[in-house]
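What follows is the content of run-v1.cif (mmCIF, C-alpha atoms).
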data_start
#
loop_
_atom_site.label_atom_id
_atom_site.label_comp_id
_atom_site.auth_asym_id
_atom_site.auth_seq_id
_atom_site.Cartn_x
_atom_site.Cartn_y
_atom_site.Cartn_z
CA MET P 1 20.49 -12.79 12.35
CA THR P 2 18.48 -14.16 15.26
CA GLU P 3 15.60 -12.21 16.73
CA VAL P 4 17.46 -11.51 19.97
CA ALA P 5 20.58 -10.34 18.11
CA ALA P 6 18.48 -8.04 15.92
CA THR P 7 16.94 -6.33 18.95
CA ASP P 8 20.17 -6.35 20.98
CA PRO P 9 20.63 -2.54 20.93
CA ILE P 10 17.24 -2.08 22.62
CA ILE P 11 17.69 -4.95 25.05
CA SER P 12 21.17 -3.69 25.90
CA ALA P 13 19.79 -0.18 26.43
CA LEU P 14 17.50 -1.54 29.17
CA ASP P 15 20.63 -2.56 31.11
CA LEU P 16 18.84 -5.28 33.05
CA PRO P 17 20.73 -7.19 35.77
CA PRO P 18 21.88 -10.70 34.75
CA ARG P 19 19.79 -12.35 37.47
CA ALA P 20 16.62 -10.98 35.82
CA ARG P 21 17.45 -12.44 32.41
CA LEU P 22 15.59 -15.53 31.17
CA ASP P 23 16.27 -15.56 27.41
CA MET P 24 13.75 -18.36 26.88
CA ARG P 25 11.91 -19.13 23.67
CA VAL P 26 8.13 -18.73 23.95
CA PRO P 27 6.23 -21.27 21.84
CA LYS P 28 3.45 -19.86 19.68
CA LYS P 29 1.18 -22.54 21.11
CA ALA P 30 1.13 -20.71 24.45
CA LEU P 31 0.10 -17.48 22.76
CA LEU P 32 -2.55 -19.26 20.68
CA GLU P 33 -4.06 -20.70 23.86
CA GLN P 34 -3.97 -17.46 25.86
CA GLY P 35 -4.23 -14.60 23.40
CA ALA P 36 -6.30 -15.56 20.36
CA PRO P 37 -10.01 -14.84 20.89
CA THR P 38 -10.98 -15.35 17.23
CA THR P 39 -10.05 -17.61 14.33
CA ALA P 40 -8.62 -14.60 12.50
CA ASP P 41 -6.40 -13.82 15.51
CA LYS P 42 -5.16 -17.42 15.63
CA ARG P 43 -4.26 -17.16 11.95
CA ALA P 44 -2.54 -13.81 12.54
CA ILE P 45 -0.40 -15.35 15.30
CA GLN P 46 0.39 -18.49 13.34
CA ASP P 47 1.26 -16.69 10.13
CA GLY P 48 2.70 -13.45 11.51
CA ILE P 49 5.10 -14.41 14.32
CA GLU P 50 8.46 -15.90 13.45
CA GLU P 51 9.85 -16.20 16.98
CA MET P 52 9.24 -14.95 20.51
CA GLN P 53 11.70 -14.66 23.38
CA TRP P 54 11.07 -14.08 27.08
CA ILE P 55 13.98 -11.76 27.74
CA ALA P 56 13.61 -11.04 31.45
CA ALA P 57 11.37 -11.15 34.50
CA LEU P 58 11.64 -8.10 36.74
CA LYS P 59 10.67 -9.11 40.29
CA PRO P 60 11.69 -7.86 43.73
CA ASN P 61 14.18 -10.72 44.04
CA THR P 62 15.71 -10.17 40.57
CA VAL P 63 15.96 -6.37 40.43
CA ALA P 64 15.75 -5.37 44.13
CA ILE P 65 12.74 -3.11 43.49
CA PRO P 66 9.57 -3.54 45.58
CA ALA P 67 6.35 -4.84 44.08
CA PHE P 68 3.18 -2.77 43.99
CA VAL P 69 -0.19 -4.48 44.37
CA ASP P 70 -3.61 -3.02 45.13
CA GLU P 71 -7.20 -3.98 44.37
CA CYS P 72 -6.89 -2.85 40.73
CA ARG P 73 -3.26 -3.35 39.69
CA ASN P 74 -0.63 -6.00 40.17
CA TYR P 75 3.00 -5.03 39.67
CA SER P 76 4.56 -8.01 41.39
CA GLU P 77 6.41 -8.71 38.14
CA ILE P 78 7.19 -6.96 34.85
CA ALA P 79 7.81 -9.18 31.84
CA VAL P 80 10.17 -8.16 29.03
CA LEU P 81 9.51 -9.97 25.75
CA SER P 82 10.67 -9.65 22.16
CA ALA P 83 8.93 -10.91 19.04
CA MET P 84 10.16 -11.19 15.46
CA LEU P 85 7.29 -10.57 13.04
CA ARG P 86 7.14 -11.70 9.45
CA PRO P 87 6.89 -9.05 6.69
CA GLU P 88 3.19 -9.69 6.06
CA ALA P 89 2.28 -9.68 9.77
CA ARG P 90 -0.55 -7.56 11.16
CA SER P 91 1.89 -5.94 13.56
CA ALA P 92 -0.54 -3.62 15.37
CA ARG P 93 -2.99 -6.42 16.10
CA LEU P 94 -0.25 -8.86 17.08
CA THR P 95 1.23 -6.33 19.50
CA GLU P 96 -2.19 -5.97 21.12
CA LEU P 97 -2.73 -9.74 21.28
CA ILE P 98 0.65 -10.37 22.93
CA HIS P 99 -0.02 -7.72 25.57
CA ARG P 100 -3.45 -9.19 26.27
CA ALA P 101 -2.07 -12.73 26.53
CA ILE P 102 0.52 -11.93 29.24
CA PRO P 103 -1.13 -11.37 32.64
CA TYR P 104 1.78 -9.27 33.94
CA PRO P 105 2.66 -5.73 32.90
CA LEU P 106 4.73 -6.24 29.74
CA LEU P 107 7.45 -4.30 27.95
CA LEU P 108 7.35 -5.67 24.42
CA ILE P 109 9.96 -5.22 21.69
CA THR P 110 8.78 -6.23 18.22
CA LEU P 111 10.92 -6.43 15.10
CA SER P 112 9.62 -6.36 11.53
CA GLY P 113 12.33 -6.25 8.90
CA ALA P 114 14.92 -3.70 10.04
CA ARG P 115 12.43 -1.70 12.11
CA ALA P 116 11.57 -2.21 15.75
CA ALA P 117 8.81 -1.03 18.05
CA VAL P 118 8.69 -0.73 21.84
CA SER P 119 5.32 -0.88 23.59
CA VAL P 120 3.70 -0.98 27.00
CA ALA P 121 0.08 -1.55 28.01
CA PRO P 122 -1.06 -0.66 31.53
CA LYS P 123 -3.51 -3.24 32.87
CA ARG P 124 -6.03 -3.46 35.65
CA ALA P 125 -8.12 -6.21 37.17
CA ALA P 126 -11.41 -6.85 35.36
CA GLN P 127 -14.42 -6.13 37.53
CA ASN P 128 -16.34 -9.24 38.60
CA GLU P 129 -14.30 -11.50 36.30
CA GLY P 130 -12.07 -13.42 38.64
CA ASN P 131 -8.39 -13.28 37.73
CA LYS P 132 -8.84 -11.63 34.32
CA VAL P 133 -7.01 -8.41 33.49
CA VAL P 134 -8.02 -5.61 31.14
CA VAL P 135 -5.62 -3.63 28.96
CA GLU P 136 -6.39 0.03 29.66
CA ARG P 137 -4.46 1.38 26.69
CA LEU P 138 -1.64 0.45 24.36
CA VAL P 139 1.28 2.87 23.92
CA ILE P 140 3.71 2.15 21.06
CA ALA P 141 6.80 3.83 19.65
CA GLY P 142 7.39 2.23 16.27
CA GLU P 143 9.64 2.55 13.23
CA ILE P 144 12.85 2.52 15.29
CA ASP P 145 16.05 1.46 13.54
CA PRO P 146 17.97 -0.29 16.36
CA ASN P 147 21.23 -0.42 14.44
CA ALA P 148 21.16 3.10 12.94
CA PRO P 149 18.95 5.18 15.25
CA THR P 150 18.16 8.81 14.58
CA ALA P 151 19.30 11.37 17.14
CA MET P 152 15.85 11.29 18.78
CA GLU P 153 15.82 7.49 18.80
CA GLN P 154 19.32 7.46 20.31
CA SER P 155 18.14 9.80 23.09
CA PHE P 156 15.19 7.48 23.64
CA LEU P 157 17.43 4.39 23.84
CA GLU P 158 19.77 6.15 26.26
CA SER P 159 16.81 6.91 28.54
CA LEU P 160 15.63 3.30 28.85
CA ALA P 161 18.13 1.92 31.37
CA LEU P 162 16.45 0.39 34.40
CA ALA P 163 18.60 2.51 36.70
CA GLN P 164 17.22 5.68 35.08
CA GLN P 165 13.59 4.84 35.87
CA PRO P 166 11.86 5.96 39.06
CA VAL P 167 12.36 2.92 41.28
CA ARG P 168 9.99 3.49 44.19
CA ASP P 169 8.36 0.23 43.09
CA LEU P 170 7.77 -1.78 39.90
CA SER P 171 4.74 0.33 38.96
CA THR P 172 6.89 3.47 38.79
CA VAL P 173 9.45 1.62 36.66
CA TYR P 174 6.72 0.72 34.20
CA ASP P 175 5.37 4.26 34.22
CA GLY P 176 8.90 5.49 33.53
CA TRP P 177 9.11 3.41 30.35
CA LEU P 178 5.65 4.58 29.31
CA VAL P 179 6.70 8.23 29.72
CA ARG P 180 9.80 7.62 27.59
CA ILE P 181 7.77 6.03 24.79
CA GLU P 182 5.44 9.04 24.86
CA ALA P 183 8.48 11.35 24.81
CA LEU P 184 9.72 9.73 21.58
CA ASN P 185 6.27 9.93 19.99
CA ALA P 186 6.05 13.60 20.96
CA ALA P 187 9.58 14.24 19.64
CA ARG P 188 8.59 12.94 16.24
CA VAL P 189 5.91 15.63 16.15
CA SER P 190 7.71 18.51 17.86
CA GLY P 191 11.28 17.79 16.76
CA GLN P 192 12.72 17.63 20.30
CA PHE P 193 13.13 14.69 22.68
CA ILE P 194 12.26 16.04 26.12
CA LEU P 195 11.92 13.92 29.25
CA ALA P 196 9.31 15.29 31.63
CA ASN P 197 9.34 14.26 35.28
CA GLU P 198 6.59 16.50 36.65
CA ALA P 199 3.13 14.91 36.67
CA ASP P 200 1.41 17.95 35.19
CA ARG P 201 3.84 18.13 32.25
CA ILE P 202 3.47 14.40 31.61
CA ASP P 203 -0.33 14.72 31.66
CA ARG P 204 -0.23 17.77 29.38
CA ARG P 205 1.98 16.01 26.84
CA ARG P 206 -0.20 12.90 26.97
CA SER P 207 -3.30 14.98 26.30
CA ALA P 208 -1.48 16.80 23.48
CA LEU P 209 -0.49 13.50 21.85
CA GLU P 210 -4.07 12.26 22.00
CA GLU P 211 -5.40 15.58 20.66
CA HIS P 212 -2.80 15.62 17.88
CA ALA P 213 -3.80 12.13 16.75
CA ARG P 214 -7.49 13.12 16.79
CA LEU P 215 -6.80 16.30 14.82
CA LEU P 216 -4.83 14.41 12.18
CA ARG P 217 -7.81 12.12 11.64
CA GLU P 218 -10.13 15.13 11.47
CA ILE P 219 -8.00 17.05 8.97
CA ALA P 220 -7.67 13.98 6.74
CA GLN P 221 -11.48 13.73 6.63
CA LEU P 222 -11.85 17.44 5.88
CA ARG P 223 -9.31 17.30 3.05
CA ALA P 224 -11.06 14.29 1.56
CA GLN P 225 -14.39 16.17 1.72
CA ALA P 226 -12.79 19.25 0.15
CA GLY P 227 -11.45 17.13 -2.67
CA ARG P 228 -14.94 15.81 -3.41
CA ALA P 229 -16.77 19.13 -2.96
CA LYS P 230 -18.28 20.46 -6.20
CA GLN P 231 -19.51 23.85 -5.02
CA ILE P 232 -17.07 26.69 -4.40
CA SER P 233 -18.87 27.71 -1.22
CA GLN P 234 -18.44 24.20 0.17
CA ARG P 235 -14.71 24.21 -0.60
CA VAL P 236 -14.29 27.65 0.98
CA ASP P 237 -16.07 26.49 4.15
CA LEU P 238 -14.02 23.28 4.34
CA ASN P 239 -10.75 25.15 3.75
CA GLN P 240 -11.58 27.47 6.64
CA LYS P 241 -12.19 24.46 8.86
CA ILE P 242 -8.88 22.94 7.68
CA LYS P 243 -7.02 26.13 8.64
CA ALA P 244 -8.63 26.07 12.08
CA VAL P 245 -7.57 22.44 12.58
CA GLU P 246 -4.04 23.25 11.37
CA ALA P 247 -3.85 25.98 14.02
CA ALA P 248 -5.02 23.48 16.65
CA ILE P 249 -2.36 21.01 15.49
CA ASP P 250 0.29 23.70 15.93
CA ARG P 251 -0.96 24.38 19.47
CA ALA P 252 -0.76 20.65 20.25
CA LYS P 253 2.85 20.59 19.00
CA ARG P 254 3.76 23.53 21.22
CA SER P 255 2.10 21.85 24.18
CA MET P 256 4.32 18.80 23.66
CA LEU P 257 7.31 21.09 24.08
CA GLY P 258 5.87 22.51 27.29
CA ASP P 259 4.93 25.83 25.71
CA GLY P 260 1.71 27.58 26.57
CA GLU P 261 -1.02 28.30 24.08
#
Go ahead and express the file in the form of structure tokens.
Amino acid sequence: MTEVAATDPIISALDLPPRARLDMRVPKKALLEQGAPTTADKRAIQDGIEEMQWIAALKPNTVAIPAFVDECRNYSEIAVLSAMLRPEARSARLTELIHRAIPYPLLLITLSGARAAVSVAPKRAAQNEGNKVVVERLVIAGEIDPNAPTAMEQSFLESLALAQQPVRDLSTVYDGWLVRIEALNAARVSGQFILANEADRIDRRRSALEEHARLLREIAQLRAQAGRAKQISQRVDLNQKIKAVEAAIDRAKRSMLGDGE
């Protein structure tokens, strides 16, 4: 199965117009030249990527959606790429490197084995560094089975069509995909896939996702400390802290659903 065929359900879900499609192979040499700041990164690219495809270029003349450009951000084009990763690949690092190597806003589909990931990375112009861009953050929804999606994953795929995104300009299209990736990540915590269109709900869910991730790290540390604690008083104190964090995790879950505290 070729890389494009393996990711076809996701690419098809985007429902991109034929005139935007490129379907061109991207040589690893280009990525090595643009996106490998260290020797270890060059090795990760060389050893970890099987194949890359430039699926589409979304521009005003290919999708009939205006560009958005200001002093910080350039949405004159959105690139859609796919990458097949080898089983031993450092997928998280490779995803970051690919986003950093492409100067345009990028929707990236990666495939490792039978599992796919969809990611975006909002970028801005680097201050006082010419034409360089800085990745502000990387947002990934991983562990998607394109050929046998769960109900939540199916809802996510059905929400990806270009025509379903806010199309004021290309920046709102990109934000629409970002919101849908966050909705899937939140659904995997809360159990419900909910698309939010209001800015305050989107911001609240984003904050809840970040808080949930932080709390999971905190509770893992507390449980490790409790496991090593020798004194009963220490274990009691740590268990109380764990219960407090568990309550905070529950509040974060409810916030993802739009519920109040």
Residue members of the PyMOL selection byres ((chain P and resi 222-227) around 12) in the file shown, as number ranges by chain: P: 215-221, 228-246
Which of P:Lys59, P:His99, P:Arg137, P:Arg204 sits closest to Leu81 in chain P [using all atoms listed in the file]: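 Distance minimum relative to Leu81 in chain P lands on P:His99.
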Nearest-residue call for Ala161 in chain P, choices P:Ala116, P:Ile10, P:Ala89, P:Ala213, using all atoms listed in the file: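 Smallest distance to Ala161 in chain P is found for P:Ile10.
What separates CA of Ala117 in chain P from CA of Ile140 in chain P is a distance of 6.7 Å.
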Proximity of range 18-91 of chain P to range 173-186 of chain P: per-residue shortest pair, 9 Å limit, all atoms listed in the file, as a Markdown table:
| residue | atom | partner | partner_atom | distance |
| --- | --- | --- | --- | --- |
| P:Ile65 | CA | P:Val173 | CA | 8.9 |
| P:Tyr75 | CA | P:Tyr174 | CA | 8.8 |
| P:Ile78 | CA | P:Tyr174 | CA | 7.7 |
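Take CA of Arg201 in chain P and CA of Leu106 in chain P: the distance between them is 24.5 Å.
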Output of the PyMOL selection byres ((chain P and resi 40-50) around 6), listed as a VMD selection string: chain P and resid 32 36 38 to 39 51 84 to 86 89
Neighbour list for Ser190 in chain P as a VMD selection string, cut-off 9 Å, all atoms listed in the file, skip fewer than 6 positions in-chain: chain P and resid 253 to 254 256 to 257
Counting only C-alpha atoms, the option among P:Ser91, P:Gln127, P:Thr172, P:Ser82 closest to Leu107 in chain P: P:Ser82
Gap from CA of Ala114 in chain P to CA of Gly142 in chain P - Å, one decimal: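 Pair CA of Ala114 in chain P / CA of Gly142 in chain P returns 11.4 Å.
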Test item: residues at most 7 Å from His212 in chain P, all atoms listed in the file, excluding those fewer than 4 positions along its chain, as number ranges by chain: P: 208, 216, 249, 252
Residue with smallest distance to Leu209 in chain P - pool P:Asn74, P:Ser255, P:Ser171, P:Gln192, counting all atoms listed in the file: P:Ser255
Residue nearest Ala56 in chain P among P:Ser12, P:Asn197, P:Gln164, P:Ser155 (counting only C-alpha atoms):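 Of all the options, P:Ser12 lies closest to Ala56 in chain P.
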Using all atoms listed in the file: which of P:Pro18, P:Gly113, P:Pro105, P:Pro9 has the shortest distance to Pro87 in chain P: P:Gly113
Kindly resolve the PyMOL selection byres ((chain P and resi 103) around 10) on the present coordinates and return the residues as an mmCIF file with C-alpha atoms, in the coordinates of the input.
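Saved file selection_24.cif follows:
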data_model
loop_
_atom_site.group_PDB
_atom_site.id
_atom_site.type_symbol
_atom_site.label_atom_id
_atom_site.label_comp_id
_atom_site.auth_asym_id
_atom_site.auth_seq_id
_atom_site.Cartn_x
_atom_site.Cartn_y
_atom_site.Cartn_z
ATOM 1 C CA GLN P 34 -3.970 -17.460 25.860
ATOM 2 C CA ASN P 74 -0.630 -6.000 40.170
ATOM 3 C CA GLU P 77 6.410 -8.710 38.140
ATOM 4 C CA ILE P 78 7.190 -6.960 34.850
ATOM 5 C CA ALA P 79 7.810 -9.180 31.840
ATOM 6 C CA ILE P 98 0.650 -10.370 22.930
ATOM 7 C CA HIS P 99 -0.020 -7.720 25.570
ATOM 8 C CA ARG P 100 -3.450 -9.190 26.270
ATOM 9 C CA ALA P 101 -2.070 -12.730 26.530
ATOM 10 C CA ILE P 102 0.520 -11.930 29.240
ATOM 11 C CA TYR P 104 1.780 -9.270 33.940
ATOM 12 C CA PRO P 105 2.660 -5.730 32.900
ATOM 13 C CA LEU P 106 4.730 -6.240 29.740
ATOM 14 C CA LYS P 123 -3.510 -3.240 32.870
ATOM 15 C CA ARG P 124 -6.030 -3.460 35.650
ATOM 16 C CA ALA P 125 -8.120 -6.210 37.170
ATOM 17 C CA ASN P 131 -8.390 -13.280 37.730
ATOM 18 C CA LYS P 132 -8.840 -11.630 34.320
ATOM 19 C CA VAL P 133 -7.010 -8.410 33.490
ATOM 20 C CA VAL P 134 -8.020 -5.610 31.140
ATOM 21 C CA VAL P 135 -5.620 -3.630 28.960
#
